[in-house]
Amino acid sequence: MDASILQPATVSDASALATLHSAVAEHLTSLHGHGPWSAKTTEKGVLYAMRHSKIFVAQHDGKIVGTLRLTTKKPWAIDTKYFSPVPTPLYLLAMAISPAHQRKGFGKMLLEESERIAEAWPADAIRLDAYDAAAGAGGFYARCGFTECGRAAYRGTALTYYELLLK
């Protein structure tokens with residue numbers, strides 16, 4: 001795997017990011033059927049996300065193959081009672097690896113880079129939710145050092161909460 005270290009996304013990346021997220025949604029739907037993971041992403045949605053959080057990209061051979069989105073603002077689907085009390089948590093809102101690049105170490109690299117970003121932010125923990133279903137990535141997050149903190153349902157979707165304490 002030869003990928004660039006995460007770089008902040010730019011407005012010119014919005015179309016490629018929408019395409020990447022939509023390809024991942026199609027891939028998950030083909031494997032696991034229709035679910036909340038099936039939603040398509042638009043360029044307009046990516047631009048909105050850029051205004052409200054920080055998006056990073058990983059490139060391979062000049063193409064964006066992975067992305068993650070971080071913010072200090074608690075997402076509506078996360079119930080903080082499940083997490084360790086820390087003064088400055090960072091939330092991983094979205095992460096995607098192109099289907100052609102999955103299971104090749106890009107996801108692990110993105111999470112390792114997110115730790116470095118979080119420590120420089122500075123943040124005390126990275127928190128996230130994952131679908132509590134076959135389409136969810138909970139096992140992946142656990143293998144990357146995240147601890148399961150709890151399970152909840154949000155708008156009928158079963159979620160598992162994970163965190164990685166940094167300090």
# chains A, B, ... in the order shown; residues from 1 in each chain; ligands from 1

call {"tool": "select_by_dssp", "arguments": {"residues": "chain A", "states": "strand (DSSP E or B)", "output": "VMD selection string"}}
result
chain A and resid 7 to 8 54 to 60 63 to 71 89 to 97 125 to 131 147 to 154 157 to 165

call {"tool": "select_by_dssp", "arguments": {"residues": "stretch 37-163 of chain A", "states": "helix (DSSP H, G or I)", "output": "mmCIF file with N, CA and C atoms, in the first residue's frame"}}
result
data_model
loop_
_atom_site.group_PDB
_atom_site.id
_atom_site.type_symbol
_atom_site.label_atom_id
_atom_site.label_comp_id
_atom_site.auth_asym_id
_atom_site.auth_seq_id
_atom_site.Cartn_x
_atom_site.Cartn_y
_atom_site.Cartn_z
ATOM 1 N N TRP A 37 -27.210 2.519 5.372
ATOM 2 C CA TRP A 37 -25.925 2.639 4.692
ATOM 3 C C TRP A 37 -26.084 2.839 3.182
ATOM 4 N N SER A 38 -27.311 2.762 2.673
ATOM 5 C CA SER A 38 -27.564 2.830 1.228
ATOM 6 C C SER A 38 -27.696 4.250 0.689
ATOM 7 N N GLU A 43 -22.608 16.090 -4.051
ATOM 8 C CA GLU A 43 -21.556 17.093 -3.927
ATOM 9 C C GLU A 43 -22.004 18.199 -2.967
ATOM 10 N N LYS A 44 -23.269 18.581 -3.062
ATOM 11 C CA LYS A 44 -23.809 19.600 -2.161
ATOM 12 C C LYS A 44 -23.697 19.145 -0.703
ATOM 13 N N GLY A 45 -23.978 17.865 -0.444
ATOM 14 C CA GLY A 45 -23.850 17.324 0.903
ATOM 15 C C GLY A 45 -22.417 17.348 1.403
ATOM 16 N N VAL A 46 -21.479 17.047 0.525
ATOM 17 C CA VAL A 46 -20.063 17.087 0.895
ATOM 18 C C VAL A 46 -19.647 18.520 1.228
ATOM 19 N N LEU A 47 -20.073 19.464 0.420
ATOM 20 C CA LEU A 47 -19.722 20.871 0.672
ATOM 21 C C LEU A 47 -20.306 21.346 2.002
ATOM 22 N N TYR A 48 -21.526 20.925 2.318
ATOM 23 C CA TYR A 48 -22.129 21.246 3.615
ATOM 24 C C TYR A 48 -21.267 20.655 4.742
ATOM 25 N N ALA A 49 -20.878 19.401 4.597
ATOM 26 C CA ALA A 49 -20.059 18.748 5.622
ATOM 27 C C ALA A 49 -18.728 19.478 5.802
ATOM 28 N N MET A 50 -18.166 19.971 4.723
ATOM 29 C CA MET A 50 -16.889 20.702 4.812
ATOM 30 C C MET A 50 -17.025 21.981 5.629
ATOM 31 N N ARG A 51 -18.195 22.582 5.590
ATOM 32 C CA ARG A 51 -18.400 23.819 6.357
ATOM 33 C C ARG A 51 -18.578 23.548 7.847
ATOM 34 N N HIS A 52 -18.955 22.320 8.216
ATOM 35 C CA HIS A 52 -19.302 22.022 9.604
ATOM 36 C C HIS A 52 -18.369 21.018 10.279
ATOM 37 N N THR A 80 -23.940 10.544 24.784
ATOM 38 C CA THR A 80 -22.659 10.615 25.489
ATOM 39 C C THR A 80 -22.620 9.825 26.799
ATOM 40 N N LYS A 81 -23.759 9.393 27.310
ATOM 41 C CA LYS A 81 -23.741 8.648 28.581
ATOM 42 C C LYS A 81 -22.974 7.326 28.472
ATOM 43 N N TYR A 82 -22.743 6.854 27.262
ATOM 44 C CA TYR A 82 -22.041 5.585 27.071
ATOM 45 C C TYR A 82 -20.525 5.735 27.077
ATOM 46 N N PRO A 99 -14.352 0.714 -2.589
ATOM 47 C CA PRO A 99 -14.458 -0.745 -2.576
ATOM 48 C C PRO A 99 -13.225 -1.448 -3.157
ATOM 49 N N ALA A 100 -12.608 -0.886 -4.176
ATOM 50 C CA ALA A 100 -11.431 -1.510 -4.786
ATOM 51 C C ALA A 100 -10.202 -1.479 -3.869
ATOM 52 N N HIS A 101 -10.228 -0.638 -2.843
ATOM 53 C CA HIS A 101 -9.074 -0.497 -1.957
ATOM 54 C C HIS A 101 -9.343 -1.022 -0.547
ATOM 55 N N PHE A 106 -5.778 0.482 3.970
ATOM 56 C CA PHE A 106 -6.068 1.911 3.902
ATOM 57 C C PHE A 106 -6.909 2.372 5.099
ATOM 58 N N GLY A 107 -7.891 1.584 5.501
ATOM 59 C CA GLY A 107 -8.730 1.960 6.637
ATOM 60 C C GLY A 107 -7.922 2.084 7.913
ATOM 61 N N LYS A 108 -7.063 1.118 8.160
ATOM 62 C CA LYS A 108 -6.205 1.162 9.356
ATOM 63 C C LYS A 108 -5.301 2.390 9.300
ATOM 64 N N MET A 109 -4.753 2.685 8.124
ATOM 65 C CA MET A 109 -3.911 3.861 7.971
ATOM 66 C C MET A 109 -4.694 5.129 8.276
ATOM 67 N N LEU A 110 -5.937 5.218 7.798
ATOM 68 C CA LEU A 110 -6.757 6.394 8.077
ATOM 69 C C LEU A 110 -6.994 6.555 9.567
ATOM 70 N N LEU A 111 -7.286 5.461 10.258
ATOM 71 C CA LEU A 111 -7.524 5.558 11.705
ATOM 72 C C LEU A 111 -6.249 5.936 12.452
ATOM 73 N N GLU A 112 -5.115 5.413 12.039
ATOM 74 C CA GLU A 112 -3.856 5.791 12.680
ATOM 75 C C GLU A 112 -3.575 7.277 12.471
ATOM 76 N N GLU A 113 -3.839 7.769 11.281
ATOM 77 C CA GLU A 113 -3.662 9.196 11.010
ATOM 78 C C GLU A 113 -4.663 10.027 11.820
ATOM 79 N N SER A 114 -5.890 9.508 11.979
ATOM 80 C CA SER A 114 -6.885 10.254 12.759
ATOM 81 C C SER A 114 -6.427 10.400 14.205
ATOM 82 N N GLU A 115 -5.719 9.404 14.730
ATOM 83 C CA GLU A 115 -5.169 9.517 16.084
ATOM 84 C C GLU A 115 -4.158 10.660 16.159
ATOM 85 N N ARG A 116 -3.280 10.748 15.180
ATOM 86 C CA ARG A 116 -2.283 11.821 15.165
ATOM 87 C C ARG A 116 -2.968 13.194 15.034
ATOM 88 N N ILE A 117 -3.978 13.255 14.199
ATOM 89 C CA ILE A 117 -4.728 14.506 14.032
ATOM 90 C C ILE A 117 -5.401 14.877 15.350
ATOM 91 N N ALA A 118 -6.023 13.900 16.001
ATOM 92 C CA ALA A 118 -6.734 14.156 17.256
ATOM 93 C C ALA A 118 -5.773 14.629 18.344
ATOM 94 N N GLU A 119 -4.613 14.018 18.438
ATOM 95 C CA GLU A 119 -3.656 14.427 19.461
ATOM 96 C C GLU A 119 -3.160 15.851 19.213
ATOM 97 N N ALA A 120 -3.038 16.242 17.946
ATOM 98 C CA ALA A 120 -2.599 17.598 17.615
ATOM 99 C C ALA A 120 -3.732 18.608 17.735
ATOM 100 N N GLY A 138 -18.018 -2.368 13.025
ATOM 101 C CA GLY A 138 -17.636 -2.476 14.425
ATOM 102 C C GLY A 138 -16.435 -3.363 14.667
ATOM 103 N N GLY A 139 -16.399 -4.516 14.033
ATOM 104 C CA GLY A 139 -15.264 -5.420 14.212
ATOM 105 C C GLY A 139 -13.958 -4.786 13.764
ATOM 106 N N PHE A 140 -14.010 -4.030 12.697
ATOM 107 C CA PHE A 140 -12.827 -3.324 12.207
ATOM 108 C C PHE A 140 -12.336 -2.320 13.241
ATOM 109 N N TYR A 141 -13.270 -1.521 13.796
ATOM 110 C CA TYR A 141 -12.867 -0.522 14.787
ATOM 111 C C TYR A 141 -12.267 -1.201 16.016
ATOM 112 N N ALA A 142 -12.849 -2.318 16.441
ATOM 113 C CA ALA A 142 -12.309 -3.044 17.595
ATOM 114 C C ALA A 142 -10.896 -3.548 17.294
ATOM 115 N N ARG A 143 -10.664 -4.072 16.105
ATOM 116 C CA ARG A 143 -9.316 -4.542 15.744
ATOM 117 C C ARG A 143 -8.312 -3.397 15.692
#

call {"tool": "residues_around", "arguments": {"residues": "A:Ala158", "least_positions_apart": "3", "cutoff": "6 Å", "atoms": "only C-alpha atoms", "output": "PyMOL selection string"}}
result
chain A and resi 132+152-153

call {"tool": "residues_around", "arguments": {"residues": "A:Ala123", "least_positions_apart": "4", "cutoff": "12 Å", "atoms": "only C-alpha atoms", "output": "count of residues only"}}
result
21

call {"tool": "atom_distance", "arguments": {"atom1": "atom CA of A:Val65", "atom2": "atom CA of A:Leu20"}}
result
7.4 Å

call {"tool": "residues_around", "arguments": {"residues": "A:Tyr162", "least_positions_apart": "4", "cutoff": "6 Å", "atoms": "only C-alpha atoms", "output": "number ranges by chain"}}
result
A: 127-128, 146-149

call {"tool": "atom_distance", "arguments": {"atom1": "atom CA of A:Thr10", "atom2": "atom CA of A:Lys63"}}
result
13.7 Å

call {"tool": "closest_residue", "arguments": {"among": "A:Gly105, A:Ala14, A:Glu163, A:Leu93", "to": "A:Pro75", "atoms": "only C-alpha atoms"}}
result
A:Leu93

call {"tool": "residues_around", "arguments": {"residues": "A:Gly156", "least_positions_apart": "5", "cutoff": "12 Å", "atoms": "only C-alpha atoms", "output": "JSON, numbers by chain"}}
result
{"A": [35, 36, 77, 131, 132]}

call {"tool": "decode", "arguments": {"residues": "stretch 22-64 of chain A", "atoms": "N, CA and C atoms", "output": "mmCIF file, in the first residue's frame"}}
result
data_model
loop_
_atom_site.group_PDB
_atom_site.id
_atom_site.type_symbol
_atom_site.label_atom_id
_atom_site.label_comp_id
_atom_site.auth_asym_id
_atom_site.auth_seq_id
_atom_site.Cartn_x
_atom_site.Cartn_y
_atom_site.Cartn_z
ATOM 1 N N SER A 22 -20.785 7.422 -2.450
ATOM 2 C CA SER A 22 -21.879 6.740 -3.151
ATOM 3 C C SER A 22 -21.462 5.349 -3.608
ATOM 4 N N ALA A 23 -20.212 5.183 -4.048
ATOM 5 C CA ALA A 23 -19.718 3.860 -4.437
ATOM 6 C C ALA A 23 -19.700 2.915 -3.241
ATOM 7 N N VAL A 24 -19.309 3.424 -2.087
ATOM 8 C CA VAL A 24 -19.307 2.596 -0.875
ATOM 9 C C VAL A 24 -20.742 2.219 -0.499
ATOM 10 N N ALA A 25 -21.671 3.155 -0.600
ATOM 11 C CA ALA A 25 -23.084 2.864 -0.304
ATOM 12 C C ALA A 25 -23.623 1.784 -1.241
ATOM 13 N N GLU A 26 -23.315 1.884 -2.514
ATOM 14 C CA GLU A 26 -23.759 0.864 -3.481
ATOM 15 C C GLU A 26 -23.148 -0.491 -3.160
ATOM 16 N N HIS A 27 -21.873 -0.496 -2.804
ATOM 17 C CA HIS A 27 -21.181 -1.738 -2.464
ATOM 18 C C HIS A 27 -21.812 -2.405 -1.231
ATOM 19 N N LEU A 28 -22.031 -1.624 -0.185
ATOM 20 C CA LEU A 28 -22.649 -2.181 1.027
ATOM 21 C C LEU A 28 -24.063 -2.691 0.739
ATOM 22 N N THR A 29 -24.812 -1.966 -0.071
ATOM 23 C CA THR A 29 -26.166 -2.390 -0.409
ATOM 24 C C THR A 29 -26.136 -3.687 -1.208
ATOM 25 N N SER A 30 -25.173 -3.841 -2.118
ATOM 26 C CA SER A 30 -25.089 -5.079 -2.898
ATOM 27 C C SER A 30 -24.736 -6.270 -2.004
ATOM 28 N N LEU A 31 -23.974 -6.029 -0.954
ATOM 29 C CA LEU A 31 -23.577 -7.107 -0.042
ATOM 30 C C LEU A 31 -24.616 -7.408 1.032
ATOM 31 N N HIS A 32 -25.284 -6.363 1.545
ATOM 32 C CA HIS A 32 -26.109 -6.518 2.748
ATOM 33 C C HIS A 32 -27.559 -6.103 2.571
ATOM 34 N N GLY A 33 -27.940 -5.716 1.383
ATOM 35 C CA GLY A 33 -29.307 -5.253 1.164
ATOM 36 C C GLY A 33 -29.464 -3.797 1.550
ATOM 37 N N HIS A 34 -30.659 -3.303 1.294
ATOM 38 C CA HIS A 34 -30.944 -1.890 1.556
ATOM 39 C C HIS A 34 -30.984 -1.619 3.060
ATOM 40 N N GLY A 35 -30.416 -0.489 3.463
ATOM 41 C CA GLY A 35 -30.417 -0.070 4.863
ATOM 42 C C GLY A 35 -29.977 1.377 4.942
ATOM 43 N N PRO A 36 -29.758 1.881 6.144
ATOM 44 C CA PRO A 36 -29.333 3.278 6.285
ATOM 45 C C PRO A 36 -27.991 3.552 5.615
ATOM 46 N N TRP A 37 -27.210 2.519 5.372
ATOM 47 C CA TRP A 37 -25.925 2.639 4.692
ATOM 48 C C TRP A 37 -26.084 2.839 3.182
ATOM 49 N N SER A 38 -27.311 2.762 2.673
ATOM 50 C CA SER A 38 -27.564 2.830 1.228
ATOM 51 C C SER A 38 -27.696 4.250 0.689
ATOM 52 N N ALA A 39 -27.692 5.230 1.558
ATOM 53 C CA ALA A 39 -27.917 6.610 1.121
ATOM 54 C C ALA A 39 -26.793 7.100 0.220
ATOM 55 N N LYS A 40 -27.172 7.724 -0.875
ATOM 56 C CA LYS A 40 -26.204 8.327 -1.798
ATOM 57 C C LYS A 40 -25.748 9.663 -1.226
ATOM 58 N N THR A 41 -24.550 10.053 -1.566
ATOM 59 C CA THR A 41 -23.992 11.333 -1.137
ATOM 60 C C THR A 41 -23.903 12.250 -2.354
ATOM 61 N N THR A 42 -24.260 13.495 -2.150
ATOM 62 C CA THR A 42 -24.183 14.474 -3.233
ATOM 63 C C THR A 42 -23.008 15.422 -2.996
ATOM 64 N N GLU A 43 -22.608 16.090 -4.051
ATOM 65 C CA GLU A 43 -21.556 17.093 -3.927
ATOM 66 C C GLU A 43 -22.004 18.199 -2.967
ATOM 67 N N LYS A 44 -23.269 18.581 -3.062
ATOM 68 C CA LYS A 44 -23.809 19.600 -2.161
ATOM 69 C C LYS A 44 -23.697 19.145 -0.703
ATOM 70 N N GLY A 45 -23.978 17.865 -0.444
ATOM 71 C CA GLY A 45 -23.850 17.324 0.903
ATOM 72 C C GLY A 45 -22.417 17.348 1.403
ATOM 73 N N VAL A 46 -21.479 17.047 0.525
ATOM 74 C CA VAL A 46 -20.063 17.087 0.895
ATOM 75 C C VAL A 46 -19.647 18.520 1.228
ATOM 76 N N LEU A 47 -20.073 19.464 0.420
ATOM 77 C CA LEU A 47 -19.722 20.871 0.672
ATOM 78 C C LEU A 47 -20.306 21.346 2.002
ATOM 79 N N TYR A 48 -21.526 20.925 2.318
ATOM 80 C CA TYR A 48 -22.129 21.246 3.615
ATOM 81 C C TYR A 48 -21.267 20.655 4.742
ATOM 82 N N ALA A 49 -20.878 19.401 4.597
ATOM 83 C CA ALA A 49 -20.059 18.748 5.622
ATOM 84 C C ALA A 49 -18.728 19.478 5.802
ATOM 85 N N MET A 50 -18.166 19.971 4.723
ATOM 86 C CA MET A 50 -16.889 20.702 4.812
ATOM 87 C C MET A 50 -17.025 21.981 5.629
ATOM 88 N N ARG A 51 -18.195 22.582 5.590
ATOM 89 C CA ARG A 51 -18.400 23.819 6.357
ATOM 90 C C ARG A 51 -18.578 23.548 7.847
ATOM 91 N N HIS A 52 -18.955 22.320 8.216
ATOM 92 C CA HIS A 52 -19.302 22.022 9.604
ATOM 93 C C HIS A 52 -18.369 21.018 10.279
ATOM 94 N N SER A 53 -17.347 20.581 9.580
ATOM 95 C CA SER A 53 -16.398 19.631 10.155
ATOM 96 C C SER A 53 -15.129 19.665 9.306
ATOM 97 N N LYS A 54 -14.169 18.853 9.692
ATOM 98 C CA LYS A 54 -12.927 18.755 8.917
ATOM 99 C C LYS A 54 -12.921 17.404 8.211
ATOM 100 N N ILE A 55 -12.716 17.458 6.898
ATOM 101 C CA ILE A 55 -12.673 16.244 6.088
ATOM 102 C C ILE A 55 -11.248 16.065 5.597
ATOM 103 N N PHE A 56 -10.772 14.834 5.678
ATOM 104 C CA PHE A 56 -9.421 14.497 5.235
ATOM 105 C C PHE A 56 -9.515 13.425 4.160
ATOM 106 N N VAL A 57 -8.546 13.424 3.264
ATOM 107 C CA VAL A 57 -8.531 12.441 2.182
ATOM 108 C C VAL A 57 -7.185 11.726 2.143
ATOM 109 N N ALA A 58 -7.225 10.485 1.669
ATOM 110 C CA ALA A 58 -6.022 9.710 1.379
ATOM 111 C C ALA A 58 -6.050 9.412 -0.108
ATOM 112 N N GLN A 59 -4.899 9.567 -0.749
ATOM 113 C CA GLN A 59 -4.815 9.331 -2.192
ATOM 114 C C GLN A 59 -3.888 8.167 -2.494
ATOM 115 N N HIS A 60 -4.173 7.507 -3.592
ATOM 116 C CA HIS A 60 -3.338 6.424 -4.109
ATOM 117 C C HIS A 60 -3.311 6.584 -5.625
ATOM 118 N N ASP A 61 -2.139 6.636 -6.189
ATOM 119 C CA ASP A 61 -1.996 6.839 -7.643
ATOM 120 C C ASP A 61 -2.764 8.066 -8.121
ATOM 121 N N GLY A 62 -2.750 9.135 -7.318
ATOM 122 C CA GLY A 62 -3.376 10.388 -7.713
ATOM 123 C C GLY A 62 -4.887 10.444 -7.562
ATOM 124 N N LYS A 63 -5.505 9.401 -7.032
ATOM 125 C CA LYS A 63 -6.958 9.384 -6.846
ATOM 126 C C LYS A 63 -7.301 9.280 -5.370
ATOM 127 N N ILE A 64 -8.397 9.903 -4.981
ATOM 128 C CA ILE A 64 -8.870 9.788 -3.600
ATOM 129 C C ILE A 64 -9.430 8.383 -3.411
#
